[in-house]
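Novice: Following this line is work_25.cif, made up of mmCIF, C-alpha atoms (C1' of nucleotides):
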data_upload
#
loop_
_atom_site.group_PDB
_atom_site.id
_atom_site.type_symbol
_atom_site.label_atom_id
_atom_site.label_comp_id
_atom_site.auth_asym_id
_atom_site.auth_seq_id
_atom_site.Cartn_x
_atom_site.Cartn_y
_atom_site.Cartn_z
ATOM 1 C CA MET F 14 -4.870 6.604 24.562
ATOM 2 C CA ASN F 15 -3.697 3.548 26.405
ATOM 3 C CA LYS F 16 -6.498 1.676 28.146
ATOM 4 C CA SER F 17 -9.284 2.305 25.698
ATOM 5 C CA ASP F 18 -7.235 0.633 22.972
ATOM 6 C CA ILE F 19 -7.195 -2.499 25.063
ATOM 7 C CA LYS F 20 -10.890 -2.293 25.780
ATOM 8 C CA ASN F 21 -11.718 -1.623 22.143
ATOM 9 C CA ALA F 22 -9.959 -4.810 21.241
ATOM 10 C CA GLY F 23 -12.411 -6.676 23.452
ATOM 11 C CA LEU F 24 -9.766 -7.403 26.040
ATOM 12 C CA LYS F 25 -9.926 -6.901 29.770
ATOM 13 C CA ILE F 26 -7.747 -4.182 31.163
ATOM 14 C CA THR F 27 -5.266 -6.231 33.111
ATOM 15 C CA LEU F 28 -2.018 -5.230 34.710
ATOM 16 C CA PRO F 29 0.214 -7.119 32.251
ATOM 17 C CA ARG F 30 -1.536 -5.574 29.268
ATOM 18 C CA VAL F 31 -1.314 -2.065 30.640
ATOM 19 C CA LYS F 32 2.349 -2.500 31.539
ATOM 20 C CA ILE F 33 3.224 -3.731 28.071
ATOM 21 C CA LEU F 34 1.271 -1.051 26.255
ATOM 22 C CA THR F 35 2.659 1.660 28.519
ATOM 23 C CA LYS F 36 6.193 0.487 27.911
ATOM 24 C CA LEU F 37 5.666 0.494 24.164
ATOM 25 C CA GLU F 38 4.156 3.962 24.283
ATOM 26 C CA SER F 39 6.639 5.542 26.623
ATOM 27 C CA SER F 40 9.894 4.155 25.300
ATOM 28 C CA ASP F 41 12.099 5.721 22.648
ATOM 29 C CA LYS F 42 12.867 2.224 21.449
ATOM 30 C CA ARG F 43 10.317 1.326 18.808
ATOM 31 C CA HIS F 44 11.301 -2.234 17.873
ATOM 32 C CA TRP F 45 11.178 -4.969 20.485
ATOM 33 C CA SER F 46 11.500 -8.711 20.572
ATOM 34 C CA ALA F 47 9.212 -10.394 23.097
ATOM 35 C CA GLU F 48 12.264 -11.342 25.117
ATOM 36 C CA GLU F 49 13.603 -7.777 25.186
ATOM 37 C CA LEU F 50 10.267 -6.431 26.311
ATOM 38 C CA TYR F 51 10.048 -9.104 28.978
ATOM 39 C CA GLN F 52 13.556 -8.372 30.275
ATOM 40 C CA GLU F 53 12.908 -4.654 30.321
ATOM 41 C CA LEU F 54 9.729 -5.076 32.347
ATOM 42 C CA ILE F 55 11.463 -7.418 34.750
ATOM 43 C CA SER F 56 14.304 -4.975 35.268
ATOM 44 C CA ASP F 57 11.687 -2.301 35.884
ATOM 45 C CA GLY F 58 10.682 -4.486 38.794
ATOM 46 C CA GLU F 59 7.469 -5.678 37.210
ATOM 47 C CA ILE F 60 6.252 -9.195 37.724
ATOM 48 C CA ILE F 61 5.199 -10.802 34.473
ATOM 49 C CA SER F 62 5.924 -13.997 32.578
ATOM 50 C CA LEU F 63 7.388 -14.404 29.131
ATOM 51 C CA ALA F 64 4.361 -16.464 28.123
ATOM 52 C CA THR F 65 2.102 -13.556 28.949
ATOM 53 C CA VAL F 66 4.254 -11.155 26.977
ATOM 54 C CA TYR F 67 3.875 -13.433 23.972
ATOM 55 C CA ARG F 68 0.147 -13.833 24.502
ATOM 56 C CA VAL F 69 -0.469 -10.130 24.904
ATOM 57 C CA LEU F 70 1.670 -9.164 21.936
ATOM 58 C CA THR F 71 -0.187 -11.658 19.768
ATOM 59 C CA GLN F 72 -3.513 -10.251 20.941
ATOM 60 C CA PHE F 73 -2.282 -6.724 20.278
ATOM 61 C CA GLU F 74 -1.178 -7.801 16.850
ATOM 62 C CA HIS F 75 -4.642 -9.100 16.018
ATOM 63 C CA ALA F 76 -6.134 -5.885 17.365
ATOM 64 C CA ASN F 77 -3.748 -3.902 15.162
ATOM 65 C CA ILE F 78 -2.245 -2.227 18.188
ATOM 66 C CA VAL F 79 1.175 -3.562 17.262
ATOM 67 C CA LEU F 80 2.794 -4.833 14.093
ATOM 68 C CA ARG F 81 4.881 -7.974 13.991
ATOM 69 C CA HIS F 82 7.955 -8.099 11.797
ATOM 70 C CA HIS F 83 10.444 -10.800 10.941
ATOM 71 C CA PHE F 84 13.841 -9.277 10.379
ATOM 72 C CA ASP F 85 15.058 -12.795 9.754
ATOM 73 C CA ASN F 86 18.474 -11.508 9.365
ATOM 74 C CA ASP F 87 20.333 -12.313 12.545
ATOM 75 C CA SER F 88 17.782 -14.435 14.318
ATOM 76 C CA THR F 89 14.362 -15.900 13.912
ATOM 77 C CA GLN F 90 12.690 -13.791 16.582
ATOM 78 C CA SER F 91 9.622 -11.727 15.922
ATOM 79 C CA VAL F 92 10.012 -7.997 16.347
ATOM 80 C CA PHE F 93 7.082 -5.897 17.514
ATOM 81 C CA GLU F 94 6.389 -2.213 17.039
ATOM 82 C CA LEU F 95 3.542 0.015 18.168
ATOM 83 C CA ASN F 96 1.218 0.650 15.241
ATOM 84 C CA ASN F 97 0.791 4.346 15.891
ATOM 85 C CA THR F 98 2.502 5.846 12.861
ATOM 86 C CA GLU F 99 2.009 5.941 9.122
ATOM 87 C CA HIS F 100 2.986 2.904 7.104
ATOM 88 C CA HIS F 101 6.700 2.573 6.557
ATOM 89 C CA ASP F 102 9.385 0.078 5.643
ATOM 90 C CA HIS F 103 12.654 -0.748 7.405
ATOM 91 C CA MET F 104 16.405 -0.652 7.050
ATOM 92 C CA VAL F 105 18.164 -3.062 9.397
ATOM 93 C CA SER F 106 21.852 -2.969 10.212
ATOM 94 C CA ILE F 107 23.418 -6.387 9.942
ATOM 95 C CA LYS F 108 26.179 -5.094 12.199
ATOM 96 C CA THR F 109 24.303 -3.594 15.128
ATOM 97 C CA GLY F 110 20.700 -4.563 14.582
ATOM 98 C CA LYS F 111 19.752 -0.887 14.451
ATOM 99 C CA VAL F 112 16.426 -0.340 12.725
ATOM 100 C CA VAL F 113 15.483 2.794 10.806
ATOM 101 C CA GLU F 114 12.078 3.399 9.295
ATOM 102 C CA PHE F 115 11.575 4.964 5.905
ATOM 103 C CA TYR F 116 8.793 5.662 3.496
ATOM 104 C CA ASP F 117 8.993 6.082 -0.241
ATOM 105 C CA GLU F 118 5.918 7.042 -2.167
ATOM 106 C CA ASP F 119 7.334 5.816 -5.462
ATOM 107 C CA ILE F 120 8.087 2.366 -4.120
ATOM 108 C CA GLU F 121 4.534 2.095 -2.827
ATOM 109 C CA LYS F 122 3.146 3.189 -6.195
ATOM 110 C CA ARG F 123 5.305 0.804 -8.148
ATOM 111 C CA GLN F 124 4.248 -2.073 -5.944
ATOM 112 C CA LYS F 125 0.637 -1.336 -6.739
ATOM 113 C CA LEU F 126 1.465 -1.190 -10.433
ATOM 114 C CA VAL F 127 3.241 -4.512 -10.346
ATOM 115 C CA ALA F 128 0.309 -6.054 -8.497
ATOM 116 C CA LYS F 129 -2.105 -4.743 -11.085
ATOM 117 C CA LYS F 130 -0.006 -6.178 -13.881
ATOM 118 C CA TYR F 131 -0.170 -9.624 -12.293
ATOM 119 C CA LYS F 132 -3.825 -9.281 -11.264
ATOM 120 C CA PHE F 133 -2.757 -9.571 -7.671
ATOM 121 C CA LYS F 134 -4.603 -8.017 -4.731
ATOM 122 C CA ILE F 135 -2.017 -6.820 -2.222
ATOM 123 C CA GLN F 136 -3.089 -7.255 1.358
ATOM 124 C CA ASP F 137 0.241 -6.552 2.914
ATOM 125 C CA HIS F 138 3.843 -6.214 2.038
ATOM 126 C CA SER F 139 7.210 -6.394 3.645
ATOM 127 C CA LEU F 140 10.262 -4.511 2.460
ATOM 128 C CA VAL F 141 13.452 -4.707 4.455
ATOM 129 C CA LEU F 142 16.857 -3.416 3.416
ATOM 130 C CA TYR F 143 19.779 -5.146 5.112
ATOM 131 C CA GLY F 144 23.180 -3.483 5.313
ATOM 132 C CA GLU F 145 25.193 -1.057 7.399
ATOM 133 C CA PHE F 146 24.974 2.585 8.284
ATOM 134 C CA GLU F 147 28.096 4.552 7.502
ATOM 135 C CA ASP F 148 28.485 5.758 11.052
ATOM 136 C CA GLU F 149 28.638 2.448 12.847
ATOM 137 C CA MET B 95 26.000 -27.615 -15.012
ATOM 138 C CA ASN B 96 25.166 -29.713 -12.011
ATOM 139 C CA LYS B 97 28.184 -31.432 -10.541
ATOM 140 C CA SER B 98 30.772 -28.757 -11.147
ATOM 141 C CA ASP B 99 28.722 -26.320 -9.088
ATOM 142 C CA ILE B 100 29.069 -28.667 -6.154
ATOM 143 C CA LYS B 101 32.759 -29.150 -6.714
ATOM 144 C CA ASN B 102 33.344 -25.426 -7.112
ATOM 145 C CA ALA B 103 31.810 -24.922 -3.719
ATOM 146 C CA GLY B 104 34.531 -27.128 -2.270
ATOM 147 C CA LEU B 105 32.092 -29.933 -1.609
ATOM 148 C CA LYS B 106 32.404 -33.584 -2.472
ATOM 149 C CA ILE B 107 30.071 -34.856 -5.128
ATOM 150 C CA THR B 108 27.886 -37.128 -3.066
ATOM 151 C CA LEU B 109 24.633 -38.820 -3.929
ATOM 152 C CA PRO B 110 22.446 -36.666 -1.654
ATOM 153 C CA ARG B 111 23.917 -33.447 -3.046
ATOM 154 C CA VAL B 112 23.458 -34.534 -6.643
ATOM 155 C CA LYS B 113 19.893 -35.676 -5.985
ATOM 156 C CA ILE B 114 18.954 -32.382 -4.380
ATOM 157 C CA LEU B 115 20.570 -30.235 -7.045
ATOM 158 C CA THR B 116 19.084 -32.340 -9.820
ATOM 159 C CA LYS B 117 15.631 -32.045 -8.313
ATOM 160 C CA LEU B 118 15.972 -28.285 -8.035
ATOM 161 C CA GLU B 119 17.180 -28.017 -11.608
ATOM 162 C CA SER B 120 14.707 -30.368 -13.184
ATOM 163 C CA SER B 121 11.515 -29.354 -11.435
ATOM 164 C CA ASP B 122 9.043 -26.724 -12.571
ATOM 165 C CA LYS B 123 8.513 -25.862 -8.938
ATOM 166 C CA ARG B 124 10.988 -23.173 -8.007
ATOM 167 C CA HIS B 125 10.260 -22.606 -4.312
ATOM 168 C CA TRP B 126 10.751 -25.420 -1.842
ATOM 169 C CA SER B 127 10.753 -25.849 1.890
ATOM 170 C CA ALA B 128 13.302 -28.350 3.155
ATOM 171 C CA GLU B 129 10.456 -30.628 4.157
ATOM 172 C CA GLU B 130 8.818 -30.469 0.720
ATOM 173 C CA LEU B 131 12.073 -31.284 -0.986
ATOM 174 C CA TYR B 132 12.668 -34.146 1.419
ATOM 175 C CA GLN B 133 9.176 -35.582 0.865
ATOM 176 C CA GLU B 134 9.515 -35.266 -2.896
ATOM 177 C CA LEU B 135 12.814 -37.133 -2.902
ATOM 178 C CA ILE B 136 11.409 -39.824 -0.643
ATOM 179 C CA SER B 137 8.406 -40.301 -2.896
ATOM 180 C CA ASP B 138 10.822 -40.522 -5.815
ATOM 181 C CA GLY B 139 12.157 -43.558 -3.989
ATOM 182 C CA GLU B 140 15.367 -41.880 -2.925
ATOM 183 C CA ILE B 141 16.931 -42.625 0.425
ATOM 184 C CA ILE B 142 17.922 -39.471 2.221
ATOM 185 C CA SER B 143 17.384 -37.898 5.605
ATOM 186 C CA LEU B 144 15.777 -34.583 6.438
ATOM 187 C CA ALA B 145 18.916 -33.571 8.338
ATOM 188 C CA THR B 146 20.956 -34.021 5.189
ATOM 189 C CA VAL B 147 18.497 -31.978 3.162
ATOM 190 C CA TYR B 148 18.918 -29.164 5.664
ATOM 191 C CA ARG B 149 22.690 -29.501 5.708
ATOM 192 C CA VAL B 150 23.006 -29.561 1.951
ATOM 193 C CA LEU B 151 20.639 -26.646 1.430
ATOM 194 C CA THR B 152 22.582 -24.600 3.955
ATOM 195 C CA GLN B 153 25.844 -25.446 2.188
ATOM 196 C CA PHE B 154 24.291 -24.579 -1.159
ATOM 197 C CA GLU B 155 23.082 -21.316 0.306
ATOM 198 C CA HIS B 156 26.602 -20.395 1.403
ATOM 199 C CA ALA B 157 27.882 -21.365 -2.026
ATOM 200 C CA ASN B 158 25.231 -19.145 -3.612
ATOM 201 C CA ILE B 159 23.753 -22.099 -5.413
ATOM 202 C CA VAL B 160 20.415 -21.497 -3.741
ATOM 203 C CA LEU B 161 18.735 -18.546 -2.065
ATOM 204 C CA ARG B 162 16.913 -18.824 1.230
ATOM 205 C CA HIS B 163 13.740 -16.835 1.772
ATOM 206 C CA HIS B 164 11.411 -16.366 4.708
ATOM 207 C CA PHE B 165 7.874 -15.894 3.493
ATOM 208 C CA ASP B 166 6.901 -15.644 7.126
ATOM 209 C CA ASN B 167 3.371 -15.426 6.121
ATOM 210 C CA ASP B 168 1.812 -18.794 6.752
ATOM 211 C CA SER B 169 4.623 -20.537 8.516
ATOM 212 C CA THR B 170 8.106 -19.984 9.793
ATOM 213 C CA GLN B 171 9.775 -22.367 7.377
ATOM 214 C CA SER B 172 12.617 -21.347 5.153
ATOM 215 C CA VAL B 173 11.947 -21.487 1.424
ATOM 216 C CA PHE B 174 14.750 -22.298 -0.982
ATOM 217 C CA GLU B 175 15.098 -21.467 -4.638
ATOM 218 C CA LEU B 176 17.798 -22.237 -7.170
ATOM 219 C CA ASN B 177 19.889 -19.114 -7.721
ATOM 220 C CA ASN B 178 20.062 -19.417 -11.486
ATOM 221 C CA THR B 179 18.079 -16.380 -12.559
ATOM 222 C CA GLU B 180 18.352 -12.608 -12.318
ATOM 223 C CA HIS B 181 17.509 -10.923 -9.054
ATOM 224 C CA HIS B 182 13.803 -10.640 -8.402
ATOM 225 C CA ASP B 183 11.262 -10.127 -5.659
ATOM 226 C CA HIS B 184 8.186 -12.175 -4.781
ATOM 227 C CA MET B 185 4.428 -12.071 -4.584
ATOM 228 C CA VAL B 186 2.989 -14.727 -2.290
ATOM 229 C CA SER B 187 -0.641 -15.801 -2.187
ATOM 230 C CA ILE B 188 -1.960 -15.927 1.350
ATOM 231 C CA LYS B 189 -4.643 -18.244 0.051
ATOM 232 C CA THR B 190 -2.717 -20.891 -1.831
ATOM 233 C CA GLY B 191 0.922 -20.187 -1.071
ATOM 234 C CA LYS B 192 1.564 -19.689 -4.781
ATOM 235 C CA VAL B 193 4.725 -17.683 -5.388
ATOM 236 C CA VAL B 194 5.311 -15.452 -8.394
ATOM 237 C CA GLU B 195 8.554 -13.671 -9.093
ATOM 238 C CA PHE B 196 8.736 -10.113 -10.377
ATOM 239 C CA TYR B 197 11.313 -7.472 -11.037
ATOM 240 C CA ASP B 198 10.832 -3.741 -11.112
ATOM 241 C CA GLU B 199 13.714 -1.535 -12.088
ATOM 242 C CA ASP B 200 12.182 1.533 -10.473
ATOM 243 C CA ILE B 201 11.768 -0.142 -7.119
ATOM 244 C CA GLU B 202 15.397 -1.207 -7.196
ATOM 245 C CA LYS B 203 16.491 2.320 -8.071
ATOM 246 C CA ARG B 204 14.385 3.924 -5.381
ATOM 247 C CA GLN B 205 15.792 1.541 -2.786
ATOM 248 C CA LYS B 206 19.275 2.675 -3.680
ATOM 249 C CA LEU B 207 18.194 6.304 -3.446
ATOM 250 C CA VAL B 208 16.651 5.803 -0.032
ATOM 251 C CA ALA B 209 19.800 4.048 1.153
ATOM 252 C CA LYS B 210 21.945 6.924 -0.070
ATOM 253 C CA LYS B 211 19.767 9.425 1.733
ATOM 254 C CA TYR B 212 20.279 7.538 5.007
ATOM 255 C CA LYS B 213 23.952 6.841 4.359
ATOM 256 C CA PHE B 214 23.156 3.150 4.391
ATOM 257 C CA LYS B 215 25.066 0.501 2.468
ATOM 258 C CA ILE B 216 22.598 -2.081 1.192
ATOM 259 C CA GLN B 217 23.949 -5.599 1.231
ATOM 260 C CA ASP B 218 20.689 -7.338 0.619
ATOM 261 C CA HIS B 219 16.999 -6.675 0.573
ATOM 262 C CA SER B 220 13.775 -8.548 0.829
ATOM 263 C CA LEU B 221 10.533 -7.421 -0.742
ATOM 264 C CA VAL B 222 7.481 -9.629 -0.528
ATOM 265 C CA LEU B 223 3.938 -8.737 -1.474
ATOM 266 C CA TYR B 224 1.266 -10.778 0.290
ATOM 267 C CA GLY B 225 -2.224 -11.075 -1.156
ATOM 268 C CA GLU B 226 -4.275 -13.068 -3.609
ATOM 269 C CA PHE B 227 -4.272 -13.626 -7.316
ATOM 270 C CA GLU B 228 -7.590 -12.892 -9.002
ATOM 271 C CA ASP B 229 -7.837 -16.355 -10.482
ATOM 272 C CA GLU B 230 -7.624 -18.422 -7.317
ATOM 273 C "C1'" DC Y 236 43.353 -44.855 3.474
ATOM 274 C "C1'" DT Y 237 41.238 -41.037 5.516
ATOM 275 C "C1'" DA Y 238 38.879 -36.817 5.433
ATOM 276 C "C1'" DC Y 239 34.552 -35.707 4.519
ATOM 277 C "C1'" DG Y 240 29.589 -36.692 4.523
ATOM 278 C "C1'" DT Y 241 25.559 -39.113 6.272
ATOM 279 C "C1'" DG Y 242 21.688 -41.027 9.305
ATOM 280 C "C1'" DC Y 243 19.820 -41.195 13.585
ATOM 281 C "C1'" DA Y 244 18.146 -39.421 17.616
ATOM 282 C "C1'" DA Y 245 18.673 -36.063 20.798
ATOM 283 C "C1'" DA Y 246 19.157 -31.031 21.553
ATOM 284 C "C1'" DC Y 247 18.024 -26.426 20.390
ATOM 285 C "C1'" DG Y 248 15.540 -21.768 20.497
ATOM 286 C "C1'" DG Y 249 11.657 -19.169 19.872
ATOM 287 C "C1'" DT Y 250 6.962 -19.632 20.645
ATOM 288 C "C1'" DT Y 251 2.572 -21.830 22.153
ATOM 289 C "C1'" DT Y 252 -0.403 -24.370 25.222
ATOM 290 C "C1'" DG Y 253 -2.929 -27.207 29.156
ATOM 291 C "C1'" DC Y 254 -4.038 -26.557 33.522
ATOM 292 C "C1'" DA Y 255 -4.696 -24.853 38.107
ATOM 293 C "C1'" DA Y 256 -4.603 -20.562 40.490
ATOM 294 C "C1'" DT Y 257 -5.750 -15.595 40.169
ATOM 295 C "C1'" DT Y 258 -7.817 -11.308 38.658
ATOM 296 C "C1'" DC Y 259 -11.105 -8.274 36.647
ATOM 297 C "C1'" DC Y 260 -15.773 -6.498 36.336
ATOM 298 C "C1'" DG S 281 -19.390 -15.219 41.165
ATOM 299 C "C1'" DG S 282 -17.938 -16.420 36.812
ATOM 300 C "C1'" DA S 283 -15.548 -15.586 32.694
ATOM 301 C "C1'" DA S 284 -11.241 -14.074 31.272
ATOM 302 C "C1'" DT S 285 -6.325 -13.995 32.235
ATOM 303 C "C1'" DT S 286 -2.090 -15.435 34.189
ATOM 304 C "C1'" DG S 287 2.154 -18.309 35.538
ATOM 305 C "C1'" DC S 288 4.338 -22.407 35.235
ATOM 306 C "C1'" DA S 289 6.195 -26.176 33.031
ATOM 307 C "C1'" DA S 290 5.706 -29.020 29.370
ATOM 308 C "C1'" DA S 291 4.893 -29.331 24.462
ATOM 309 C "C1'" DC S 292 5.739 -27.699 19.945
ATOM 310 C "C1'" DC S 293 7.974 -27.167 15.379
ATOM 311 C "C1'" DG S 294 11.464 -26.048 12.306
ATOM 312 C "C1'" DT S 295 16.163 -26.553 12.379
ATOM 313 C "C1'" DT S 296 20.825 -27.963 14.072
ATOM 314 C "C1'" DT S 297 24.175 -31.070 16.102
ATOM 315 C "C1'" DG S 298 27.107 -35.076 18.298
ATOM 316 C "C1'" DC S 299 28.393 -39.266 17.238
ATOM 317 C "C1'" DA S 300 29.182 -43.732 15.059
ATOM 318 C "C1'" DC S 301 29.077 -45.511 10.558
ATOM 319 C "C1'" DG S 302 29.610 -45.056 5.497
ATOM 320 C "C1'" DT S 303 31.664 -43.288 1.152
ATOM 321 C "C1'" DA S 304 34.145 -40.354 -2.232
ATOM 322 C "C1'" DG S 305 38.552 -39.470 -4.062
#
Is it possible to give me this structure as structure tokens?

Specialist:
Amino acid sequence: MNKSDIKNAGLKITLPRVKILTKLESSDKRHWSAEELYQELISDGEIISLATVYRVLTQFEHANIVLRHHFDNDSTQSVFELNNTEHHDHMVSIKTGKVVEFYDEDIEKRQKLVAKKYKFKIQDHSLVLYGEFEDE
Amino acid sequence: MNKSDIKNAGLKITLPRVKILTKLESSDKRHWSAEELYQELISDGEIISLATVYRVLTQFEHANIVLRHHFDNDSTQSVFELNNTEHHDHMVSIKTGKVVEFYDEDIEKRQKLVAKKYKFKIQDHSLVLYGEFEDE
DNA sequence: CTACGTGCAAACGGTTTGCAATTCC
DNA sequence: GGAATTGCAAACCGTTTGCACGTAG
């Protein structure tokens, strides 16, 4: 529920923050670069600066409201997604940039096993498959 | 064997290229940023420019002599590794930056299964575990 | 000899930041 | 009113590039 997330993060409820969070929550698109989000808001007629989009997304990241990914495939941009679903990994089309989320219990389990074997405490992980979908 | 790799890539055998490849082949360290490699060569007394290190590493990447990774954890730098071993994934310490390679047959298999399920043709994948080793 | 490679310094692109003006509570 | 936030433009940092000079074959 929108505004309380912002407040819970210890942040003031400002127009830019509400606009960004609302856009993330209301859009079908789940994966955004800062630039894309900025452009979308601008074309919605909102008045906001790219610097603020970056600042807010970084704050949201620290508050665990969004996740930041690096699909370093085509570009070096960060990609942000609302952190409102179960953990998942990603398949990224190198052709169209399309992103699909997936989850595989076995992969998760095996990762934990590997970590154990190496006496490694996993704090996070990133798994991205790059390729193409048959229908594109 | 060193020089023929360079030649096979359609590249002239120049001093900078030989120095870089030799360093990669002779060092225990397997994962290098361009800057680290540059500094190491400089402190070896070599004369080379950072731009050349970048150019050569990019050429080597295209020739499949090295692999480029993005352990986007601590920084946004590319990390390069000599492509002279079997495929593997990485565990990266968020504390020390230490990188350990691992391979898990099951994870590879499950990735292929997931891809099949989504009618996705995997061309590449990146799996990185971030955390800490017990002994650091 | 000449095509290819290099060093330098300047440009690049995504992101961050200092500062003065504005907004939230 | 005062602390937090914003917009702007400039800085930043890793990487790339144009160009004049150097070097491999």

Novice: Using only C-alpha atoms, what does the table of chain F residues within 7 Å of chain B look like, with each row giving the shortest atom pair and its distance in Å to one decimal, sorted by chain and ascending number, as a Markdown table?

Specialist:
| residue | atom | partner | partner_atom | distance |
| --- | --- | --- | --- | --- |
| F:Ile120 | CA | B:Ile201 | CA | 5.4 |
| F:Arg123 | CA | B:Ile201 | CA | 6.6 |
| F:Lys132 | CA | B:Glu228 | CA | 5.7 |
| F:Phe133 | CA | B:Phe227 | CA | 4.3 |
| F:Lys134 | CA | B:Glu226 | CA | 5.2 |
| F:Ile135 | CA | B:Gly225 | CA | 4.4 |
| F:Gln136 | CA | B:Gly225 | CA | 4.7 |
| F:Asp137 | CA | B:Tyr224 | CA | 5.1 |
| F:His138 | CA | B:Leu223 | CA | 4.3 |
| F:Ser139 | CA | B:Val222 | CA | 5.3 |
| F:Leu140 | CA | B:Leu221 | CA | 4.3 |
| F:Val141 | CA | B:Ser220 | CA | 5.3 |
| F:Leu142 | CA | B:His219 | CA | 4.3 |
| F:Tyr143 | CA | B:Asp218 | CA | 5.1 |
| F:Gly144 | CA | B:Ile216 | CA | 4.4 |
| F:Glu145 | CA | B:Lys215 | CA | 5.2 |
| F:Phe146 | CA | B:Phe214 | CA | 4.3 |
| F:Glu147 | CA | B:Lys213 | CA | 5.7 |

Novice: Would you please work out which residue, of Y:DC254, Y:DA238, Y:DA245, Y:DC260, is nearest to DC288 (chain S) when using only C-alpha atoms (C1' of nucleotides)?

Specialist: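 The closest residue to DC288 (chain S) is Y:DC254.
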
Novice: Can you build me a table of chain B residues sitting at most 9 Å from chain Y, with the closest atom pair per residue and its distance in Å to one decimal, using only C-alpha atoms (C1' of nucleotides), sorted by chain and residue number, as a Markdown table?

Specialist:
| residue | atom | partner | partner_atom | distance |
| --- | --- | --- | --- | --- |
| B:Leu105 | CA | Y:DC239 | C1' | 8.8 |
| B:Lys106 | CA | Y:DC239 | C1' | 7.6 |
| B:Thr108 | CA | Y:DG240 | C1' | 7.8 |
| B:Pro110 | CA | Y:DT241 | C1' | 8.9 |
| B:Ile142 | CA | Y:DG242 | C1' | 8.2 |
| B:Ser143 | CA | Y:DG242 | C1' | 6.5 |
| B:Ala145 | CA | Y:DG242 | C1' | 8.0 |
| B:Thr146 | CA | Y:DT241 | C1' | 6.9 |

Novice: Skip region 124-134 of chain B itself and residues of its chain fewer than 6 positions away, then list as a PyMOL selection string all residues within 8 Å of it, counting only C-alpha atoms (C1' of nucleotides).

Specialist: chain B and resi 114+118+142-144+147-148+151+171-176+193

Novice: May I have a table of the residues of chain S lying at most 10 Å from chain B, giving each one's closest pair of atoms and their distance in Å to one decimal, counting all atoms listed in the file, ordered by chain and ascending residue number, as CSV?

Specialist:
residue,atom,partner,partner_atom,distance
S:DC293,C1',B:Thr170,CA,9.1
S:DG294,C1',B:Gln171,CA,6.4
S:DT295,C1',B:Tyr148,CA,7.7
S:DT296,C1',B:Ala145,CA,8.2
S:DT297,C1',B:Ala145,CA,9.7
S:DT303,C1',B:Thr108,CA,8.4
S:DA304,C1',B:Lys106,CA,7.0
S:DG305,C1',B:Lys106,CA,8.7

Novice: For the PyMOL selection byres ((chain B and resi 115) around 9), applied here, can you spell out every residue it catches as an MDAnalysis selection string?

Specialist: chainID B and resid 96:97 100 110:114 116:120 154 159 176

Novice: How many Å separate CA of Thr179 (chain B) from CA of Arg162 (chain B)?

Specialist: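 Interatomic distance here is 14.1 Å.
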
Novice: What does the distance from CA of Asn21 (chain F) to CA of Ser40 (chain F) come to in Å, to one decimal?

Specialist: 22.6 Å

Novice: Interatomic distance between CA of Asp122 (chain B) and CA of Lys192 (chain B)?

Specialist: 12.9 Å

Novice: Once 3 Å is added on each side, what centre and edge lengths in Å to one decimal does the axis-aligned box around all listed atoms of region 132-139 of chain F have, as AutoDock Vina command-line options?

Specialist:
--center_x 1.3 --center_y -7.9 --center_z -3.8 --size_x 17.8 --size_y 9.4 --size_z 20.9
